[in-house]
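Source file: my_file13.cif; contents: mmCIF, C-alpha atoms.
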```
data_protein
#
loop_
_atom_site.group_PDB
_atom_site.id
_atom_site.type_symbol
_atom_site.label_atom_id
_atom_site.label_comp_id
_atom_site.auth_asym_id
_atom_site.auth_seq_id
_atom_site.Cartn_x
_atom_site.Cartn_y
_atom_site.Cartn_z
ATOM 1 C CA MET A 1 0.000 0.000 0.000
ATOM 2 C CA HIS A 2 2.814 2.394 0.840
ATOM 3 C CA ASP A 3 4.255 2.176 -2.656
ATOM 4 C CA THR A 4 1.346 4.221 -4.003
ATOM 5 C CA PRO A 5 3.123 7.100 -5.750
ATOM 6 C CA ASP A 6 2.788 10.609 -4.356
ATOM 7 C CA VAL A 7 1.836 11.925 -7.801
ATOM 8 C CA ILE A 8 -1.709 11.007 -6.754
ATOM 9 C CA SER A 9 -1.446 13.401 -3.818
ATOM 10 C CA ALA A 10 -0.071 16.155 -6.058
ATOM 11 C CA PHE A 11 -3.017 15.631 -8.417
ATOM 12 C CA LEU A 12 -5.527 15.720 -5.527
ATOM 13 C CA ASP A 13 -3.976 18.903 -4.174
ATOM 14 C CA ASP A 14 -4.003 20.796 -7.458
ATOM 15 C CA GLU A 15 -0.216 20.965 -7.406
ATOM 16 C CA PRO A 16 1.994 20.465 -10.479
ATOM 17 C CA PHE A 17 2.308 16.790 -11.421
ATOM 18 C CA ASP A 18 3.828 14.674 -14.150
ATOM 19 C CA PRO A 19 0.927 13.483 -16.372
ATOM 20 C CA ALA A 20 2.845 10.418 -17.490
ATOM 21 C CA ALA A 21 3.500 9.409 -13.896
ATOM 22 C CA LEU A 22 -0.166 9.912 -13.010
ATOM 23 C CA ALA A 23 -1.281 7.887 -16.029
ATOM 24 C CA MET A 24 1.087 5.111 -14.978
ATOM 25 C CA ALA A 25 -0.196 5.209 -11.387
ATOM 26 C CA LEU A 26 -3.830 5.140 -12.459
ATOM 27 C CA SER A 27 -3.269 2.349 -14.965
ATOM 28 C CA GLU A 28 -2.979 0.027 -11.972
ATOM 29 C CA PRO A 29 -6.143 -1.006 -10.112
ATOM 30 C CA GLY A 30 -4.339 -0.222 -6.864
ATOM 31 C CA GLY A 31 -3.696 3.329 -8.010
ATOM 32 C CA ARG A 32 -7.336 3.898 -8.913
ATOM 33 C CA GLU A 33 -8.455 2.446 -5.573
ATOM 34 C CA ALA A 34 -5.990 4.719 -3.783
ATOM 35 C CA LEU A 35 -7.322 7.779 -5.596
ATOM 36 C CA LEU A 36 -10.904 7.035 -4.560
ATOM 37 C CA ASP A 37 -9.887 6.162 -0.996
ATOM 38 C CA LEU A 38 -7.978 9.417 -0.643
ATOM 39 C CA VAL A 39 -10.943 11.452 -1.869
ATOM 40 C CA ALA A 40 -13.137 9.611 0.669
ATOM 41 C CA LEU A 41 -10.517 10.317 3.334
ATOM 42 C CA ARG A 42 -10.636 13.996 2.388
ATOM 43 C CA HIS A 43 -14.381 13.961 3.067
ATOM 44 C CA LEU A 44 -13.882 12.243 6.413
ATOM 45 C CA VAL A 45 -11.344 14.720 7.779
ATOM 46 C CA GLN A 46 -13.350 17.851 7.005
ATOM 47 C CA PRO A 47 -14.573 19.421 10.244
ATOM 48 C CA ASP A 48 -18.257 19.200 11.029
ATOM 49 C CA PRO A 49 -19.926 22.026 9.023
ATOM 50 C CA ALA A 50 -22.310 22.697 11.923
ATOM 51 C CA VAL A 51 -19.357 23.467 14.214
ATOM 52 C CA THR A 52 -17.611 25.707 11.716
ATOM 53 C CA ALA A 53 -20.906 27.493 11.032
ATOM 54 C CA THR A 54 -21.240 28.196 14.760
ATOM 55 C CA PHE A 55 -17.777 29.728 14.742
ATOM 56 C CA GLU A 56 -18.685 31.834 11.730
ATOM 57 C CA ARG A 57 -21.731 33.191 13.522
ATOM 58 C CA ARG A 58 -19.993 33.828 16.820
ATOM 59 C CA ARG A 59 -16.702 35.059 15.527
ATOM 60 C CA GLY A 60 -15.512 38.494 16.449
ATOM 61 C CA SER A 61 -12.116 40.021 16.048
ATOM 62 C CA PRO A 62 -10.031 40.002 19.231
ATOM 63 C CA LEU A 63 -9.300 43.651 18.517
ATOM 64 C CA ARG A 64 -12.994 44.348 18.285
ATOM 65 C CA MET A 65 -13.524 42.509 21.553
ATOM 66 C CA LEU A 66 -10.798 44.554 23.214
ATOM 67 C CA ALA A 67 -12.491 47.690 21.915
ATOM 68 C CA ALA A 68 -15.809 46.493 23.344
ATOM 69 C CA VAL A 69 -14.228 45.830 26.750
ATOM 70 C CA ALA A 70 -12.606 49.278 26.663
ATOM 71 C CA ALA A 71 -15.957 50.876 25.788
ATOM 72 C CA VAL A 72 -17.644 49.161 28.748
ATOM 73 C CA LEU A 73 -14.862 50.347 31.100
ATOM 74 C CA VAL A 74 -15.142 53.923 29.816
ATOM 75 C CA ALA A 75 -18.919 53.806 30.290
ATOM 76 C CA LEU A 76 -18.535 52.539 33.867
ATOM 77 C CA VAL A 77 -15.946 55.162 34.796
ATOM 78 C CA ALA A 78 -17.977 57.932 33.159
ATOM 79 C CA GLY A 79 -21.131 56.756 34.914
ATOM 80 C CA TYR A 80 -19.360 56.721 38.262
ATOM 81 C CA ALA A 81 -17.905 60.191 37.689
ATOM 82 C CA ILE A 82 -21.274 61.655 36.685
ATOM 83 C CA GLY A 83 -22.989 60.049 39.660
ATOM 84 C CA GLU A 84 -20.327 61.397 42.009
ATOM 85 C CA ARG A 85 -20.700 64.903 40.584
ATOM 86 C CA ARG A 86 -24.473 64.874 40.864
ATOM 87 C CA ALA A 87 -24.252 63.718 44.455
ATOM 88 C CA THR A 88 -21.911 66.629 45.267
ATOM 89 C CA ASP A 89 -24.182 69.151 43.533
ATOM 90 C CA ALA A 90 -27.259 67.828 45.236
ATOM 91 C CA THR A 91 -25.676 68.110 48.682
ATOM 92 C CA GLY A 92 -25.746 71.930 48.460
ATOM 93 C CA GLU A 93 -29.516 72.055 48.047
ATOM 94 C CA LEU A 94 -30.340 69.842 50.968
ATOM 95 C CA PRO A 95 -31.780 71.416 54.108
ATOM 96 C CA SER A 96 -29.570 71.672 57.116
ATOM 97 C CA PRO A 97 -29.396 68.347 58.872
ATOM 98 C CA THR A 98 -30.053 70.108 62.240
ATOM 99 C CA ARG A 99 -33.281 71.995 62.731
ATOM 100 C CA SER A 100 -34.154 74.147 65.723
ATOM 101 C CA VAL A 101 -37.708 73.899 66.826
ATOM 102 C CA GLU A 102 -39.192 76.354 69.259
ATOM 103 C CA ALA A 103 -41.343 74.770 71.902
ATOM 104 C CA GLY A 104 -44.980 75.852 71.660
ATOM 105 C CA ALA A 105 -47.191 76.784 74.553
ATOM 106 C CA TRP A 106 -48.857 73.422 74.586
ATOM 107 C CA GLN A 107 -45.501 71.897 75.178
ATOM 108 C CA ALA A 108 -44.815 73.973 78.291
ATOM 109 C CA PRO A 109 -44.469 71.762 81.369
ATOM 110 C CA GLU A 110 -47.515 71.836 83.563
ATOM 111 C CA ARG A 111 -46.902 73.498 86.898
ATOM 112 C CA ARG A 112 -48.321 71.733 89.906
ATOM 113 C CA GLY A 113 -48.494 72.674 93.521
ATOM 114 C CA PRO A 114 -47.844 76.043 95.213
ATOM 115 C CA MET B 115 3.282 47.886 3.310
ATOM 116 C CA THR B 116 0.865 48.175 6.220
ATOM 117 C CA VAL B 117 -1.230 45.197 7.223
ATOM 118 C CA ASP B 118 -4.577 45.784 8.843
ATOM 119 C CA PRO B 119 -4.984 43.227 11.672
ATOM 120 C CA GLU B 120 -8.756 43.244 11.178
ATOM 121 C CA ALA B 121 -8.372 42.336 7.525
ATOM 122 C CA LEU B 122 -5.827 39.669 8.402
ATOM 123 C CA PHE B 123 -8.245 38.152 10.892
ATOM 124 C CA ALA B 124 -11.149 38.262 8.450
ATOM 125 C CA ALA B 125 -9.084 36.589 5.728
ATOM 126 C CA HIS B 126 -7.588 33.754 7.757
ATOM 127 C CA ASN B 127 -9.589 33.011 10.896
ATOM 128 C CA ARG B 128 -11.732 30.379 9.182
ATOM 129 C CA GLY B 129 -8.776 28.324 7.954
ATOM 130 C CA LEU B 130 -7.064 28.595 11.317
ATOM 131 C CA PHE B 131 -10.213 27.544 13.161
ATOM 132 C CA ARG B 132 -10.638 24.491 10.905
ATOM 133 C CA TYR B 133 -6.989 23.541 11.467
ATOM 134 C CA PHE B 134 -7.275 23.927 15.250
ATOM 135 C CA LEU B 135 -10.569 22.079 15.304
ATOM 136 C CA ARG B 136 -8.827 18.984 13.984
ATOM 137 C CA VAL B 137 -5.707 19.537 16.080
ATOM 138 C CA ALA B 138 -7.615 19.992 19.336
ATOM 139 C CA GLY B 139 -10.762 18.007 18.590
ATOM 140 C CA GLN B 140 -12.827 20.554 20.556
ATOM 141 C CA ALA B 141 -14.588 23.657 19.255
ATOM 142 C CA ASP B 142 -13.973 25.728 22.397
ATOM 143 C CA ALA B 143 -10.251 25.002 22.371
ATOM 144 C CA ALA B 144 -10.100 25.682 18.635
ATOM 145 C CA ARG B 145 -11.807 29.036 19.122
ATOM 146 C CA ASP B 146 -9.404 29.998 21.917
ATOM 147 C CA LEU B 147 -6.371 28.943 19.893
ATOM 148 C CA THR B 148 -7.573 30.908 16.869
ATOM 149 C CA GLN B 149 -7.917 34.023 19.008
ATOM 150 C CA ASP B 150 -4.504 33.367 20.554
ATOM 151 C CA VAL B 151 -2.971 33.570 17.079
ATOM 152 C CA PHE B 152 -4.381 37.032 16.546
ATOM 153 C CA LEU B 153 -3.534 38.209 20.042
ATOM 154 C CA ARG B 154 0.058 37.238 19.302
ATOM 155 C CA VAL B 155 -0.163 39.001 15.971
ATOM 156 C CA SER B 156 -1.458 42.148 17.683
ATOM 157 C CA ARG B 157 1.686 42.207 19.865
ATOM 158 C CA THR B 158 4.079 41.621 16.973
ATOM 159 C CA ALA B 159 5.264 43.557 13.962
ATOM 160 C CA VAL B 160 3.500 41.959 11.009
ATOM 161 C CA PRO B 161 6.087 41.228 8.297
ATOM 162 C CA ALA B 162 5.715 43.259 5.129
ATOM 163 C CA VAL B 163 5.329 40.334 2.752
ATOM 164 C CA GLY B 164 2.851 38.998 0.208
ATOM 165 C CA ASP B 165 -0.415 37.203 1.020
ATOM 166 C CA GLY B 166 0.968 33.689 0.692
ATOM 167 C CA GLU B 167 3.927 34.403 2.946
ATOM 168 C CA LEU B 168 1.655 36.125 5.442
ATOM 169 C CA LYS B 169 -0.558 33.059 5.542
ATOM 170 C CA ALA B 170 2.493 30.867 6.080
ATOM 171 C CA TRP B 171 3.629 33.200 8.873
ATOM 172 C CA LEU B 172 0.217 32.911 10.588
ATOM 173 C CA PHE B 173 0.293 29.141 10.343
ATOM 174 C CA ARG B 174 3.808 29.058 11.754
ATOM 175 C CA ILE B 175 2.411 30.815 14.830
ATOM 176 C CA ALA B 176 -0.569 28.455 14.776
ATOM 177 C CA ARG B 177 1.660 25.398 14.645
ATOM 178 C CA ASN B 178 3.660 26.614 17.654
ATOM 179 C CA LEU B 179 0.404 27.086 19.567
ATOM 180 C CA ALA B 180 -0.744 23.626 18.497
ATOM 181 C CA ILE B 181 2.511 22.105 19.759
ATOM 182 C CA ASP B 182 2.078 23.899 23.114
ATOM 183 C CA PHE B 183 -1.533 22.725 23.260
ATOM 184 C CA HIS B 184 -0.502 19.101 22.739
ATOM 185 C CA ARG B 185 2.242 19.356 25.361
ATOM 186 C CA ARG B 186 -0.245 20.757 27.885
ATOM 187 C CA ARG B 187 -2.776 18.078 27.045
ATOM 188 C CA VAL B 188 -0.253 15.271 27.411
ATOM 189 C CA ARG B 189 0.955 16.734 30.733
ATOM 190 C CA ASP B 190 -2.593 17.214 32.048
ATOM 191 C CA ARG B 191 -3.607 13.722 31.078
ATOM 192 C CA ALA B 192 -0.509 12.300 32.748
ATOM 193 C CA ALA B 193 -1.252 14.264 35.913
ATOM 194 C CA LEU B 194 -4.983 13.665 36.082
ATOM 195 C CA ALA B 195 -5.646 10.238 34.659
ATOM 196 C CA PRO B 196 -2.554 8.127 34.219
ATOM 197 C CA ASP B 197 -4.311 4.792 33.868
ATOM 198 C CA THR B 198 -7.620 5.637 32.298
ATOM 199 C CA ALA B 199 -7.102 4.764 28.650
ATOM 200 C CA ARG B 200 -10.478 4.897 26.982
ATOM 201 C CA PRO B 201 -11.472 2.453 24.278
ATOM 202 C CA ALA B 202 -11.612 3.826 20.775
ATOM 203 C CA SER B 203 -14.979 5.332 20.069
ATOM 204 C CA GLN B 204 -17.082 3.961 17.263
ATOM 205 C CA ASP B 205 -17.938 7.473 16.295
ATOM 206 C CA VAL B 206 -16.280 8.310 12.968
ATOM 207 C CA ASP B 207 -15.261 11.796 13.987
ATOM 208 C CA ALA B 208 -13.581 10.536 17.142
ATOM 209 C CA ALA B 209 -11.884 7.797 15.142
ATOM 210 C CA VAL B 210 -10.534 10.408 12.711
ATOM 211 C CA THR B 211 -9.266 12.562 15.574
ATOM 212 C CA GLN B 212 -7.593 9.566 17.172
ATOM 213 C CA ALA B 213 -6.000 8.480 13.898
ATOM 214 C CA LEU B 214 -4.689 12.016 13.348
ATOM 215 C CA ASN B 215 -3.225 12.105 16.845
ATOM 216 C CA GLU B 216 -1.382 8.856 16.184
ATOM 217 C CA LEU B 217 0.455 10.322 13.202
ATOM 218 C CA ASP B 218 3.896 11.868 13.409
ATOM 219 C CA ALA B 219 3.221 15.445 14.609
ATOM 220 C CA LEU B 220 4.813 17.143 11.605
ATOM 221 C CA ASP B 221 3.080 14.787 9.146
ATOM 222 C CA ARG B 222 -0.235 15.535 10.856
ATOM 223 C CA ASP B 223 0.300 19.284 10.711
ATOM 224 C CA VAL B 224 1.303 19.440 7.053
ATOM 225 C CA PHE B 225 -1.615 17.156 6.212
ATOM 226 C CA LEU B 226 -4.124 19.326 8.110
ATOM 227 C CA MET B 227 -2.741 22.553 6.726
ATOM 228 C CA ARG B 228 -3.377 21.187 3.254
ATOM 229 C CA GLU B 229 -6.563 19.221 3.812
ATOM 230 C CA VAL B 230 -8.641 21.382 6.117
ATOM 231 C CA ALA B 231 -6.979 24.811 5.959
ATOM 232 C CA GLY B 232 -6.303 24.793 2.215
ATOM 233 C CA LEU B 233 -2.668 25.919 2.175
ATOM 234 C CA SER B 234 -0.588 25.268 -0.926
ATOM 235 C CA TYR B 235 2.576 23.169 -0.748
ATOM 236 C CA ALA B 236 4.637 26.375 -0.997
ATOM 237 C CA GLU B 237 2.788 27.946 1.948
ATOM 238 C CA ILE B 238 3.124 24.798 4.048
ATOM 239 C CA ALA B 239 6.817 24.588 3.194
ATOM 240 C CA ALA B 240 7.291 28.162 4.413
ATOM 241 C CA ALA B 241 5.239 27.575 7.568
ATOM 242 C CA CYS B 242 7.068 24.381 8.533
ATOM 243 C CA ASP B 243 10.598 25.040 7.230
ATOM 244 C CA LEU B 244 10.428 22.245 4.681
ATOM 245 C CA THR B 245 11.011 21.913 0.966
ATOM 246 C CA GLN B 246 7.977 21.501 -1.256
ATOM 247 C CA ASP B 247 9.120 17.985 -2.129
ATOM 248 C CA ALA B 248 9.236 17.140 1.561
ATOM 249 C CA VAL B 249 5.735 18.572 2.010
ATOM 250 C CA ARG B 250 4.355 16.448 -0.825
ATOM 251 C CA SER B 251 6.078 13.374 0.547
ATOM 252 C CA ARG B 252 4.848 13.952 4.121
ATOM 253 C CA ILE B 253 1.271 14.671 3.038
ATOM 254 C CA HIS B 254 1.210 11.515 0.967
ATOM 255 C CA ARG B 255 2.679 9.453 3.792
ATOM 256 C CA ALA B 256 0.065 10.850 6.201
ATOM 257 C CA ARG B 257 -2.683 10.003 3.726
ATOM 258 C CA LEU B 258 -1.515 6.431 3.324
ATOM 259 C CA ASP B 259 -1.222 6.003 7.105
ATOM 260 C CA LEU B 260 -4.722 7.378 7.598
ATOM 261 C CA ARG B 261 -6.038 5.245 4.770
ATOM 262 C CA ALA B 262 -4.819 2.157 6.598
ATOM 263 C CA ARG B 263 -6.100 3.299 10.008
ATOM 264 C CA LEU B 264 -9.525 4.401 8.726
ATOM 265 C CA ALA B 265 -10.182 1.644 6.209
ATOM 266 C CA ALA B 266 -13.727 0.935 7.428
ATOM 267 C CA PRO B 267 -15.033 4.528 7.493
ATOM 268 C CA ILE B 268 -13.383 5.150 4.114
ATOM 269 C CA ALA B 269 -15.127 2.131 2.616
ATOM 270 C CA THR B 270 -18.442 3.377 3.987
ATOM 271 C CA ARG B 271 -17.855 6.918 2.718
ATOM 272 C CA ARG B 272 -17.148 5.572 -0.751
ATOM 273 C CA THR B 273 -20.705 4.310 -1.021
ATOM 274 C CA PHE B 274 -21.944 7.934 -1.161
ATOM 275 C CA PRO B 275 -21.363 10.602 -3.833
ATOM 276 C CA MET B 276 -18.089 12.471 -3.381
ATOM 277 C CA ARG B 277 -16.452 15.662 -4.555
ATOM 278 C CA LEU B 278 -12.774 16.094 -5.295
ATOM 279 C CA SER B 279 -12.772 19.076 -2.916
ATOM 280 C CA GLY B 280 -14.084 16.928 -0.076
ATOM 281 C CA ARG B 281 -16.673 19.557 0.786
ATOM 282 C CA GLU B 282 -20.215 18.417 1.332
ATOM 283 C CA PRO B 283 -22.954 20.241 -0.578
ATOM 284 C CA GLU B 284 -24.117 23.356 1.327
#
```

Let's see the structure in the file written out as C-alpha cells.
Amino acid sequence: MHDTPDVISAFLDDEPFDPAALAMALSEPGGREALLDLVALRHLVQPDPAVTATFERRRGSPLRMLAAVAAVLVALVAGYAIGERRATDATGELPSPTRSVEAGAWQAPERRGP
Amino acid sequence: MTVDPEALFAAHNRGLFRYFLRVAGQADAARDLTQDVFLRVSRTAVPAVGDGELKAWLFRIARNLAIDFHRRRVRDRAALAPDTARPASQDVDAAVTQALNELDALDRDVFLMREVAGLSYAEIAAACDLTQDAVRSRIHRARLDLRARLAAPIATRRTFPMRLSGREPE
C-alpha cells in the first residue's frame, strides 16, 4: 500500500504533477483504488460544518472585543464620575441636617403645687 | 506595506479555526487557539510580505500554539488520569481525531494545513521550514497512514457521492 506514488497526492492537491506518472499510477487497479480512498478520506477529515458554522456566527475580532471591553470600562468610569458629581451638587440644596424647633405653649411643662 | 490586523483576521480566521478544530478536537479550544494567534499578531510587527507568505507566517504561529496545546494536554492527562485509557470510540469523527493524533506530529500538521486549511505546498513549506518535495512526501505518507487506520469509514464513505474538494454540498 505504501508504494502508491505521491503523484496522486499532487493531483488531488491541485499541485503540479507529471501526467505520465499519473497515467502510470492510475493504470494500476491499486492506483485507482488509492485515488478514490484518498478522496473519501478527504471527506472524512473535514470538520463538522455545523461546528464551523457556529464559529462563523460567533466570531468576532479580538481587537474588536478589546475595543468592546474598553468601551464598557469607559462607560462605567464615566457613569461613576457623573454620579459622584451629581451627588456633590445635590448636597448643596439639601436642608440643614439640624433643625431648631421652638417649643410651643402646649408643650410647656404643667406646673403643679404652690 | 501596512497590514490591517482586522483584515488579516477576516481573511484567515476560518482556515485557522478548521486547522485547530482537527488539532484539538474541541470547538472551544479551537476558538481559543484561533484568538490566541491574533492576540500574538497584535503584539508583533507583522512582516511586510505577500499574502501567501503572510498566511504561512500565521500558520507558523498556529503550529507553535498547536505544539504547546498538545504538550499541555499530554501533561494534564498524565497528571490527572494516568491509567484511564479509553477504548476507541465507534464514532467516525472521534476515530478520525484519534488516527490524526497517532500520526507523526509534523506529518499531521502538514496534512491538516493542506486538507482542512487549504494551504498550498509552498505555503506549508514556508510555515514548517520544509522543501515543497518534503511537504508532498509527508502529506502523501500521512494520507496512506490514515487510509490504513480508517479503512472501514473510508469504505463506507465511498458508497456515497463524493467531490474532489471533499466539501459536502451546502

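Comparing the minimum interatomic distances between Thr211 in chain B and each of A:Leu22, A:Leu44, A:Val72, A:Leu12, counting only C-alpha atoms, we find that A:Leu44 sits nearest.
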
Could you give me, as JSON lines, every chain A residue with an atom at most 9 Å from chain B, plus its closest atom pair and distance in Å to one decimal, counting only C-alpha atoms, rows ordered by chain then number?
```
{"residue": "A:Met1", "atom": "CA", "partner": "B:Leu258", "partner_atom": "CA", "distance": 7.4}
{"residue": "A:His2", "atom": "CA", "partner": "B:Leu258", "partner_atom": "CA", "distance": 6.4}
{"residue": "A:Thr4", "atom": "CA", "partner": "B:Leu258", "partner_atom": "CA", "distance": 8.2}
{"residue": "A:Pro5", "atom": "CA", "partner": "B:His254", "partner_atom": "CA", "distance": 8.3}
{"residue": "A:Asp6", "atom": "CA", "partner": "B:His254", "partner_atom": "CA", "distance": 5.6}
{"residue": "A:Val7", "atom": "CA", "partner": "B:Arg250", "partner_atom": "CA", "distance": 8.7}
{"residue": "A:Ile8", "atom": "CA", "partner": "B:His254", "partner_atom": "CA", "distance": 8.3}
{"residue": "A:Ser9", "atom": "CA", "partner": "B:His254", "partner_atom": "CA", "distance": 5.8}
{"residue": "A:Ala10", "atom": "CA", "partner": "B:Arg250", "partner_atom": "CA", "distance": 6.9}
{"residue": "A:Leu12", "atom": "CA", "partner": "B:Leu278", "partner_atom": "CA", "distance": 7.3}
{"residue": "A:Asp13", "atom": "CA", "partner": "B:Arg228", "partner_atom": "CA", "distance": 7.8}
{"residue": "A:Asp14", "atom": "CA", "partner": "B:Ser234", "partner_atom": "CA", "distance": 8.6}
{"residue": "A:Glu15", "atom": "CA", "partner": "B:Tyr235", "partner_atom": "CA", "distance": 7.5}
{"residue": "A:Ala34", "atom": "CA", "partner": "B:Arg261", "partner_atom": "CA", "distance": 8.6}
{"residue": "A:Leu36", "atom": "CA", "partner": "B:Arg272", "partner_atom": "CA", "distance": 7.5}
{"residue": "A:Asp37", "atom": "CA", "partner": "B:Ile268", "partner_atom": "CA", "distance": 6.3}
{"residue": "A:Leu38", "atom": "CA", "partner": "B:Arg257", "partner_atom": "CA", "distance": 6.9}
{"residue": "A:Val39", "atom": "CA", "partner": "B:Leu278", "partner_atom": "CA", "distance": 6.1}
{"residue": "A:Ala40", "atom": "CA", "partner": "B:Ile268", "partner_atom": "CA", "distance": 5.6}
{"residue": "A:Leu41", "atom": "CA", "partner": "B:Ile268", "partner_atom": "CA", "distance": 6.0}
{"residue": "A:Arg42", "atom": "CA", "partner": "B:Gly280", "partner_atom": "CA", "distance": 5.2}
{"residue": "A:His43", "atom": "CA", "partner": "B:Gly280", "partner_atom": "CA", "distance": 4.3}
{"residue": "A:Leu44", "atom": "CA", "partner": "B:Val210", "partner_atom": "CA", "distance": 7.4}
{"residue": "A:Val45", "atom": "CA", "partner": "B:Val210", "partner_atom": "CA", "distance": 6.6}
{"residue": "A:Gln46", "atom": "CA", "partner": "B:Val230", "partner_atom": "CA", "distance": 6.0}
{"residue": "A:Pro47", "atom": "CA", "partner": "B:Arg132", "partner_atom": "CA", "distance": 6.5}
{"residue": "A:Asp48", "atom": "CA", "partner": "B:Asp207", "partner_atom": "CA", "distance": 8.5}
{"residue": "A:Pro49", "atom": "CA", "partner": "B:Glu282", "partner_atom": "CA", "distance": 8.5}
{"residue": "A:Val51", "atom": "CA", "partner": "B:Ala141", "partner_atom": "CA", "distance": 6.9}
{"residue": "A:Thr52", "atom": "CA", "partner": "B:Arg132", "partner_atom": "CA", "distance": 7.1}
{"residue": "A:Phe55", "atom": "CA", "partner": "B:Arg145", "partner_atom": "CA", "distance": 7.4}
{"residue": "A:Glu56", "atom": "CA", "partner": "B:Arg128", "partner_atom": "CA", "distance": 7.5}
{"residue": "A:Arg59", "atom": "CA", "partner": "B:Arg145", "partner_atom": "CA", "distance": 8.6}
{"residue": "A:Ser61", "atom": "CA", "partner": "B:Phe123", "partner_atom": "CA", "distance": 6.7}
{"residue": "A:Pro62", "atom": "CA", "partner": "B:Gln149", "partner_atom": "CA", "distance": 6.3}
{"residue": "A:Leu63", "atom": "CA", "partner": "B:Glu120", "partner_atom": "CA", "distance": 7.4}
{"residue": "A:Arg64", "atom": "CA", "partner": "B:Glu120", "partner_atom": "CA", "distance": 8.3}
```

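Using all atoms listed in the file, the nearest neighbour of Asp182 in chain B within the list B:Glu216, B:Val137, B:Asp221, B:Ile238 is B:Val137.
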
- request: Given the file shown, enumerate the residues that the PyMOL selection byres ((chain B and resi 175-179) around 8) captures and present them as a list of chain:residue names.
  value: B:Leu130, B:Leu147, B:Thr148, B:Val151, B:Trp171, B:Leu172, B:Phe173, B:Arg174, B:Ala180, B:Ile181, B:Asp182, B:Phe183, B:Asp223

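In this model, the gap between CA of Ala138 in chain B and CA of Val188 in chain B comes to 11.9 Å.
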
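Between CA of Phe11 in chain A and CA of Leu26 in chain A there is a distance of 11.3 Å.
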
Can you write range 48-53 of chain A from the block above with all heavy atoms, as a compact mmCIF listing (two decimals), in the first residue's frame?
```txt
# COMPACT_ATOMS: atom_id res chain seq x y z
N ASP A 48 -16.80 19.18 11.08
CA ASP A 48 -18.26 19.20 11.03
C ASP A 48 -18.74 20.60 10.60
O ASP A 48 -18.44 21.59 11.28
CB ASP A 48 -18.79 18.87 12.43
CG ASP A 48 -20.30 18.83 12.50
OD1 ASP A 48 -20.94 19.17 11.49
OD2 ASP A 48 -20.83 18.46 13.56
N PRO A 49 -19.47 20.70 9.49
CA PRO A 49 -19.93 22.03 9.02
C PRO A 49 -20.75 22.77 10.06
O PRO A 49 -20.71 24.00 10.12
CB PRO A 49 -20.77 21.70 7.79
CG PRO A 49 -20.39 20.33 7.38
CD PRO A 49 -19.92 19.61 8.61
N ALA A 50 -21.49 22.03 10.90
CA ALA A 50 -22.31 22.70 11.92
C ALA A 50 -21.42 23.44 12.91
O ALA A 50 -21.74 24.55 13.35
CB ALA A 50 -23.17 21.67 12.66
N VAL A 51 -20.27 22.84 13.25
CA VAL A 51 -19.36 23.47 14.21
C VAL A 51 -18.69 24.69 13.60
O VAL A 51 -18.61 25.75 14.23
CB VAL A 51 -18.28 22.46 14.68
CG1 VAL A 51 -17.29 23.13 15.61
CG2 VAL A 51 -18.94 21.28 15.37
N THR A 52 -18.26 24.56 12.35
CA THR A 52 -17.61 25.71 11.72
C THR A 52 -18.62 26.84 11.48
O THR A 52 -18.27 28.01 11.59
CB THR A 52 -16.94 25.31 10.38
OG1 THR A 52 -17.88 24.61 9.58
CG2 THR A 52 -15.75 24.42 10.61
N ALA A 53 -19.88 26.46 11.22
CA ALA A 53 -20.91 27.49 11.03
C ALA A 53 -21.13 28.25 12.33
O ALA A 53 -21.33 29.47 12.33
CB ALA A 53 -22.21 26.86 10.55
```
